[in-house]
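**Student:** I am sharing upload.txt, which consists of compact mmCIF, C-alpha atoms:
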```
# COMPACT_ATOMS: atom_id res chain seq x y z
CA MET P 1 116.23 106.35 66.03
CA THR P 2 118.30 104.88 63.21
CA GLU P 3 119.52 101.32 62.66
CA PRO P 4 123.17 102.21 63.47
CA ASN P 5 122.03 103.89 66.73
CA ALA P 6 119.91 100.90 67.73
CA GLU P 7 122.78 98.54 66.90
CA GLN P 8 125.21 100.60 68.96
CA ASN P 9 122.76 100.67 71.89
CA ILE P 10 122.24 96.91 71.94
CA LYS P 11 125.97 96.22 71.60
CA GLU P 12 126.89 98.67 74.39
CA PHE P 13 124.18 97.25 76.65
CA ILE P 14 125.43 93.67 76.23
CA ALA P 15 129.08 94.70 76.52
CA LYS P 16 128.37 96.39 79.86
CA TYR P 17 125.67 94.18 81.41
CA GLY P 18 125.75 90.92 79.44
CA LYS P 19 122.81 88.56 79.12
CA GLU P 20 122.07 88.99 82.82
CA GLY P 21 121.30 92.64 82.10
CA PHE P 22 118.49 91.57 79.80
CA LEU P 23 117.16 89.18 82.46
CA LYS P 24 117.26 91.88 85.17
CA LEU P 25 115.35 94.31 82.99
CA PHE P 26 112.88 91.65 81.80
CA PHE P 27 112.06 90.44 85.32
CA THR P 28 111.82 94.04 86.58
CA ASN P 29 109.28 94.73 83.85
CA TYR P 30 107.48 91.40 84.38
CA LEU P 31 107.11 91.89 88.15
CA TYR P 32 105.96 95.46 87.59
CA GLU P 33 103.32 94.36 85.07
CA LEU P 34 102.23 91.52 87.38
CA ALA P 35 101.90 93.95 90.31
CA GLU P 36 99.96 96.50 88.23
CA TYR P 37 97.67 93.71 86.95
CA TYR P 38 96.74 92.56 90.45
CA LEU P 39 96.75 96.04 91.99
CA HIS P 40 94.09 97.04 89.47
CA SER P 41 91.87 94.05 90.17
CA ARG P 42 88.37 94.68 91.44
CA GLY P 43 87.13 93.52 94.80
CA LYS P 44 84.32 94.07 97.25
CA LYS P 45 83.56 97.54 98.58
CA ASP P 46 86.40 98.77 100.83
CA GLU P 47 88.59 95.98 99.45
CA ASP P 48 88.81 97.10 95.84
CA ALA P 49 92.53 97.25 95.01
CA GLY P 50 91.73 99.04 91.75
CA LEU P 51 90.20 101.87 93.78
CA LEU P 52 92.69 101.79 96.67
CA PHE P 53 95.51 102.23 94.17
CA TYR P 54 94.20 105.76 93.53
CA VAL P 55 92.56 106.68 96.84
CA ASP P 56 94.16 106.78 100.29
CA PHE P 57 92.81 105.38 103.58
CA LYS P 58 90.86 108.62 104.21
CA GLY P 59 89.25 108.57 100.78
CA ARG P 60 91.49 111.32 99.39
CA ILE P 61 92.49 110.91 95.76
CA TYR P 62 96.27 110.69 95.31
CA SER P 63 97.74 113.50 93.24
CA PRO P 64 99.35 112.65 89.87
CA GLN P 65 102.74 113.38 91.49
CA GLU P 66 102.05 111.01 94.39
CA LEU P 67 100.93 108.29 91.98
CA ALA P 68 104.01 108.81 89.79
CA GLN P 69 106.24 108.58 92.89
CA PHE P 70 104.47 105.41 94.05
CA ARG P 71 104.86 103.81 90.62
CA ASN P 72 108.54 104.81 90.58
CA ASP P 73 109.06 103.28 94.05
CA LEU P 74 107.16 100.15 92.97
CA ARG P 75 109.43 99.81 89.94
CA LYS P 76 112.53 100.17 92.14
CA ALA P 77 111.20 97.44 94.43
CA CYS P 78 110.63 95.24 91.34
CA SER P 79 114.21 95.93 90.23
CA GLU P 80 115.55 94.78 93.61
CA ARG P 81 113.55 91.56 93.34
CA ALA P 82 114.71 91.04 89.76
CA VAL P 83 118.34 91.26 90.89
CA ARG P 84 117.65 88.45 93.39
CA ILE P 85 115.94 86.32 90.72
CA VAL P 86 118.91 86.72 88.36
CA GLN P 87 121.35 85.94 91.17
CA LYS P 88 119.53 82.62 91.70
CA ILE P 89 119.46 81.92 87.96
CA ARG P 90 123.24 82.56 87.87
CA ASP P 91 123.88 80.42 90.97
CA LEU P 92 122.09 77.51 89.28
CA GLY P 93 124.21 78.00 86.14
CA LEU P 94 121.14 78.62 83.99
CA VAL P 95 122.13 81.84 82.21
CA GLU P 96 123.90 80.11 79.33
CA GLN P 97 121.21 77.42 79.07
CA LEU P 98 118.65 80.15 78.47
CA GLY P 99 120.48 80.79 75.19
CA GLU P 100 119.59 77.31 73.88
CA ASP P 101 116.54 76.94 71.66
CA PRO P 102 113.86 75.60 74.05
CA SER P 103 111.76 74.23 71.20
CA ALA P 104 114.72 72.19 69.92
CA ASN P 105 115.44 70.66 73.31
CA PRO P 106 112.23 70.02 75.26
CA GLU P 107 114.12 68.44 78.16
CA VAL P 108 116.27 71.54 78.73
CA SER P 109 113.17 73.68 78.31
CA ARG P 110 111.31 71.61 80.93
CA LEU P 111 114.21 71.86 83.38
CA LEU P 112 114.56 75.61 82.86
CA THR P 113 110.83 76.14 83.30
CA LYS P 114 110.82 74.02 86.47
CA SER P 115 113.86 75.82 87.90
CA LEU P 116 112.42 79.25 87.15
CA ASP P 117 109.11 78.25 88.72
CA GLU P 118 110.96 77.18 91.87
CA ILE P 119 112.91 80.46 91.99
CA LEU P 120 109.66 82.43 91.63
CA LYS P 121 107.97 80.34 94.34
CA GLU P 122 110.89 81.12 96.67
CA LEU P 123 110.40 84.78 95.85
CA ALA P 124 106.74 84.55 96.83
CA LEU P 125 107.67 82.91 100.14
CA GLU P 126 110.19 85.70 100.86
CA GLY P 127 107.29 88.14 100.77
CA ARG P 128 105.41 86.50 103.65
CA MET L 129 88.96 104.66 88.19
CA GLY L 130 89.00 102.43 85.18
CA THR L 131 88.61 99.08 86.89
CA SER L 132 85.44 97.97 85.07
CA HIS L 133 87.44 95.60 82.81
CA ALA L 134 89.76 94.56 85.62
CA ALA L 135 90.12 90.97 86.73
CA PRO L 136 88.47 90.06 90.03
CA SER L 137 90.75 90.20 93.06
CA PRO L 138 91.92 86.86 94.47
CA ASN L 139 89.71 85.72 97.35
CA THR L 140 92.48 84.53 99.66
CA LYS L 141 93.84 85.36 103.09
CA LYS L 142 97.07 86.59 101.52
CA TRP L 143 95.15 89.05 99.41
CA SER L 144 93.94 90.71 102.64
CA ALA L 145 97.57 91.65 103.28
CA VAL L 146 97.66 93.44 99.92
CA ILE L 147 94.53 95.41 100.81
CA GLY L 148 96.05 96.19 104.22
CA SER L 149 99.25 97.47 102.61
CA LEU L 150 97.27 99.66 100.21
CA LYS L 151 95.14 101.07 103.04
CA SER L 152 98.11 101.79 105.27
CA PRO L 153 98.45 105.50 106.18
CA GLU L 154 102.04 105.27 104.96
CA ARG L 155 101.75 103.31 101.75
CA ILE L 156 105.18 101.77 101.09
CA ALA L 157 105.76 100.41 97.59
CA SER L 158 108.13 97.61 98.64
CA THR L 159 105.61 96.38 101.25
CA VAL L 160 102.79 96.51 98.69
CA LEU L 161 104.95 94.60 96.20
CA SER L 162 105.96 91.93 98.74
CA ALA L 163 102.33 91.34 99.69
CA THR L 164 101.22 91.32 96.04
CA VAL L 165 103.92 88.87 94.89
CA SER L 166 103.23 86.65 97.88
CA ALA L 167 99.49 86.62 97.11
CA ALA L 168 99.72 86.45 93.32
CA LEU L 169 102.51 84.04 92.39
CA PRO L 170 101.06 80.98 94.17
CA LEU L 171 97.88 81.48 92.11
CA VAL L 172 99.74 81.31 88.80
CA PRO L 173 99.66 77.75 87.41
CA MET L 174 102.99 75.96 86.96
CA GLY L 175 104.90 77.20 83.93
CA TYR L 176 102.70 80.18 83.14
CA VAL L 177 105.36 82.70 84.19
CA ALA L 178 108.47 80.63 83.56
CA ALA L 179 107.70 79.26 80.08
CA PRO L 180 107.15 82.67 78.43
CA ALA L 181 110.27 83.93 80.26
CA VAL L 182 112.37 81.04 78.87
CA TYR L 183 111.26 81.77 75.29
CA ALA L 184 111.65 85.54 75.75
CA ALA L 185 115.24 85.07 77.01
CA TYR L 186 116.11 82.74 74.15
CA GLY L 187 114.64 85.17 71.59
CA CYS L 188 116.65 88.06 72.99
CA PHE L 189 119.92 86.15 73.44
CA LYS L 190 119.79 84.76 69.89
CA PHE L 191 119.08 88.17 68.43
CA VAL L 192 121.87 89.81 70.44
CA THR L 193 124.35 87.16 69.26
CA ASP L 194 123.29 87.75 65.65
CA VAL L 195 123.64 91.53 66.05
CA GLN L 196 127.13 91.11 67.50
CA GLU L 197 128.21 88.73 64.71
CA ARG L 198 126.45 90.20 61.65
CA GLY L 199 125.10 93.63 62.59
CA LEU L 200 121.50 94.71 63.17
CA GLN L 201 120.45 94.82 59.53
CA GLU L 202 121.53 91.24 58.84
CA ALA L 203 120.11 89.99 62.17
CA VAL L 204 116.72 91.46 61.29
CA LYS L 205 116.88 89.97 57.77
CA LYS L 206 117.86 86.56 59.12
CA GLU L 207 114.73 86.42 61.28
CA ALA L 208 112.56 87.91 58.51
CA ILE L 209 111.40 90.66 60.86
CA GLN L 210 109.32 93.31 59.13
CA ILE L 211 110.70 96.64 60.27
CA SER L 212 109.24 100.08 59.90
CA ALA L 213 111.68 102.95 59.34
CA ARG L 214 109.36 105.25 61.28
CA TYR L 215 108.80 102.85 64.18
CA LEU L 216 112.10 101.01 64.01
CA VAL L 217 112.46 100.03 67.67
CA PRO L 218 108.88 98.86 68.38
CA SER L 219 108.77 97.00 65.07
CA ILE L 220 111.91 95.02 65.99
CA SER L 221 110.59 94.27 69.50
CA ASN L 222 107.24 93.24 68.06
CA GLY L 223 108.89 90.97 65.47
CA LEU L 224 111.10 89.33 68.09
CA TRP L 225 108.12 88.64 70.36
CA SER L 226 106.15 87.17 67.45
CA LEU L 227 109.02 84.76 66.82
CA ALA L 228 109.23 83.77 70.49
CA GLN L 229 105.46 83.42 70.77
CA SER L 230 105.25 81.25 67.65
CA LYS L 231 107.37 78.62 69.40
CA LEU L 232 105.65 78.93 72.76
CA ASP L 233 102.79 76.59 73.64
CA PRO L 234 99.54 78.60 73.14
CA GLU L 235 98.45 77.26 76.53
CA PHE L 236 101.02 79.65 78.03
CA ALA L 237 100.96 82.45 75.45
CA ASN L 238 97.21 83.09 75.32
CA THR L 239 96.71 83.85 79.00
CA PRO L 240 96.88 87.06 81.03
CA PHE L 241 100.33 85.92 82.20
CA GLY L 242 101.45 85.39 78.60
CA LYS L 243 100.25 88.92 77.86
CA LEU L 244 102.22 90.26 80.84
CA ALA L 245 105.33 88.52 79.47
CA GLU L 246 104.67 90.06 76.06
CA VAL L 247 104.43 93.57 77.50
CA ALA L 248 107.52 93.01 79.68
CA PHE L 249 109.53 91.65 76.73
CA LYS L 250 108.57 94.48 74.38
CA LYS L 251 109.29 97.13 77.04
CA THR L 252 112.66 95.50 77.72
CA MET L 253 113.71 95.34 74.07
CA ASN L 254 112.36 98.85 73.36
CA ALA L 255 114.43 100.21 76.26
CA ILE L 256 117.63 98.38 75.27
CA LEU L 257 117.35 99.33 71.58
CA SER L 258 116.48 102.97 72.22
CA LYS L 259 118.45 103.75 75.39
CA GLY L 260 121.34 101.29 75.48
CA VAL L 261 123.09 101.13 78.87
CA GLN L 262 120.73 103.81 80.24
CA ALA L 263 117.88 101.26 80.04
CA LEU L 264 119.10 99.37 83.09
CA GLU L 265 120.46 102.38 84.93
CA GLU L 266 117.05 104.09 84.78
CA SER L 267 115.25 101.05 86.18
CA ARG L 268 117.25 101.04 89.43
```
Please render this file's structure as structure tokens.

**Tutor:**
Amino acid sequence: MTEPNAEQNIKEFIAKYGKEGFLKLFFTNYLYELAEYYLHSRGKKDEDAGLLFYVDFKGRIYSPQELAQFRNDLRKACSERAVRIVQKIRDLGLVEQLGEDPSANPEVSRLLTKSLDEILKELALEGR
Amino acid sequence: MGTSHAAPSPNTKKWSAVIGSLKSPERIASTVLSATVSAALPLVPMGYVAAPAVYAAYGCFKFVTDVQERGLQEAVKKEAIQISARYLVPSISNGLWSLAQSKLDPEFANTPFGKLAEVAFKKTMNAILSKGVQALEESR
């Protein structure tokens, strides 16, 4: 990878998807990391997510292909959620505000943080 | 299975739904994700997800604007990002996160959720810089 290639990639990405494209990809990656973090947590016997991630209900170990497919499906599900998060961010007119330096304007930063928290809470409720 | 350093599972009713979805004979990723998000997000203290996201977005948007106006080389110079010719893309992503993190309250940055934001940000920037438009198309 060279600097001109990287520059071309970033310019083409923004030209096609805009700032919302970054947000979609970021929240897809964030939700995926959050899910992997909790799905590898340890629990009591028979309730250990970290074990159940790799072993099915009969105690059979998932094959590498099955695990790769599950991770791929999980990522797609994260991508669908990320699209909904960004839609809400757009509906609230927050996309442009996210381009303002949050450390220079604590009030805007506080409002953005509060709004994002509310959007994420709504997302959690949708999962019930 | 490599869970010895893992965090303990939440001890909540909602977490039982996650275990149920994992144990289901037909494990469906979207169901597992819904249950996990529903169980996990309410446990995250206020601001711990959103604050790193706000700083990550600002860091990216500012850099993108600089790249569009001045080109990558000047944008990197302007932010005093140390880049490695061999590891160009990760070094830019790492430098951008360091800038974002330096402005973020350590209360938010130095937590597992701050670390998740760091990984998500670096993966995002690595993908955009190395793959361009394919970065988003591949994630669908």

**Student:** Given all atoms listed in the file, how would the per-residue table for chain P near chain L read, listing every residue at most 7 Å away with its closest atom pair and distance in Å to one decimal, sorted by chain and number, as a Markdown table?

**Tutor:**
```
| residue | atom | partner | partner_atom | distance |
| --- | --- | --- | --- | --- |
| P:Glu3 | CA | L:Leu200 | CA | 6.9 |
| P:Ala6 | CA | L:Leu257 | CA | 4.9 |
| P:Glu7 | CA | L:Leu200 | CA | 5.5 |
| P:Asn9 | CA | L:Gly260 | CA | 3.9 |
| P:Ile10 | CA | L:Leu257 | CA | 5.5 |
| P:Lys11 | CA | L:Gln196 | CA | 6.7 |
| P:Glu12 | CA | L:Gly260 | CA | 6.2 |
| P:Phe13 | CA | L:Val261 | CA | 4.6 |
| P:Lys19 | CA | L:Phe189 | CA | 6.8 |
| P:Leu25 | CA | L:Thr252 | CA | 6.0 |
| P:Phe26 | CA | L:Thr252 | CA | 5.6 |
| P:Asn29 | CA | L:Ala248 | CA | 4.8 |
| P:Tyr30 | CA | L:Ala248 | CA | 5.0 |
| P:Glu33 | CA | L:Leu244 | CA | 6.0 |
| P:Leu34 | CA | L:Leu244 | CA | 6.7 |
| P:Ala35 | CA | L:Thr164 | CA | 6.3 |
| P:Tyr38 | CA | L:Ser137 | CA | 6.9 |
| P:His40 | CA | L:Ala134 | CA | 6.3 |
| P:Ser41 | CA | L:Ala135 | CA | 4.9 |
| P:Arg42 | CA | L:Pro136 | CA | 4.8 |
| P:Gly43 | CA | L:Ser137 | CA | 5.2 |
| P:Glu47 | CA | L:Ile147 | CA | 6.1 |
| P:Ala49 | CA | L:Ile147 | CA | 6.4 |
| P:Gly50 | CA | L:Thr131 | CA | 5.8 |
| P:Leu51 | CA | L:Met129 | CA | 6.4 |
| P:Leu52 | CA | L:Leu150 | CA | 6.2 |
| P:Phe53 | CA | L:Leu150 | CA | 6.8 |
| P:Asp56 | CA | L:Lys151 | CA | 6.4 |
| P:Phe57 | CA | L:Lys151 | CA | 4.9 |
| P:Phe70 | CA | L:Ala157 | CA | 6.3 |
| P:Asp73 | CA | L:Ala157 | CA | 5.6 |
| P:Leu74 | CA | L:Ala157 | CA | 4.8 |
| P:Lys76 | CA | L:Arg268 | CA | 5.5 |
| P:Ala77 | CA | L:Ser158 | CA | 5.2 |
| P:Ser79 | CA | L:Arg268 | CA | 6.0 |
| P:Leu98 | CA | L:Tyr186 | CA | 5.6 |
| P:Gly99 | CA | L:Tyr186 | CA | 4.9 |
| P:Glu100 | CA | L:Tyr186 | CA | 6.5 |
| P:Asp101 | CA | L:Tyr186 | CA | 6.3 |
| P:Pro102 | CA | L:Tyr183 | CA | 6.8 |
| P:Ser103 | CA | L:Lys231 | CA | 6.5 |
| P:Thr113 | CA | L:Ala178 | CA | 5.1 |
| P:Leu116 | CA | L:Ala178 | CA | 5.5 |
| P:Asp117 | CA | L:Ala178 | CA | 5.7 |
| P:Lys121 | CA | L:Leu169 | CA | 6.9 |
| P:Ala124 | CA | L:Ser166 | CA | 4.2 |
| P:Leu125 | CA | L:Ser166 | CA | 6.2 |
| P:Gly127 | CA | L:Ser162 | CA | 4.5 |
| P:Arg128 | CA | L:Ser166 | CA | 6.2 |
```

**Student:** How many Å separate CA of Leu227 (chain L) from CA of Met1 (chain P)?

**Tutor:**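 Going from CA of Leu227 (chain L) over to CA of Met1 (chain P), I get 22.8 Å.
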
**Student:** Using all atoms listed in the file, find the one residue out of P:Val108, P:Leu31, P:Arg81, P:Leu120 that sits nearest to Glu96 (chain P).

**Tutor:**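 The answer is P:Val108, which sits nearest to Glu96 (chain P).
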
**Student:** Would you work out the distance separating CA of Ile220 (chain L) from CA of Lys206 (chain L), expressed in Å to one decimal?

**Tutor:**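 Between CA of Ile220 (chain L) and CA of Lys206 (chain L) the gap is 12.4 Å.
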
**Student:** Of the candidates P:Ala68, P:Leu92, P:Val86, P:Leu111, which one gets nearest to Glu20 (chain P) if we count only C-alpha atoms?

**Tutor:** P:Val86

**Student:** Would you mind listing what lies within 10 Å of Ala208 (chain L) as a list in words, with only C-alpha atoms counted and same-chain residues fewer than 5 positions away left out?

**Tutor:**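 In the requested form, the answer reads Glu202, Ala203, Gly223, Leu224 and Leu227 of chain L.
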
**Student:** Quick one, how far is CA of Val204 (chain L) from CA of Ile14 (chain P)?

**Tutor:**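 Rounded to one decimal, the two atoms are 17.4 Å apart.
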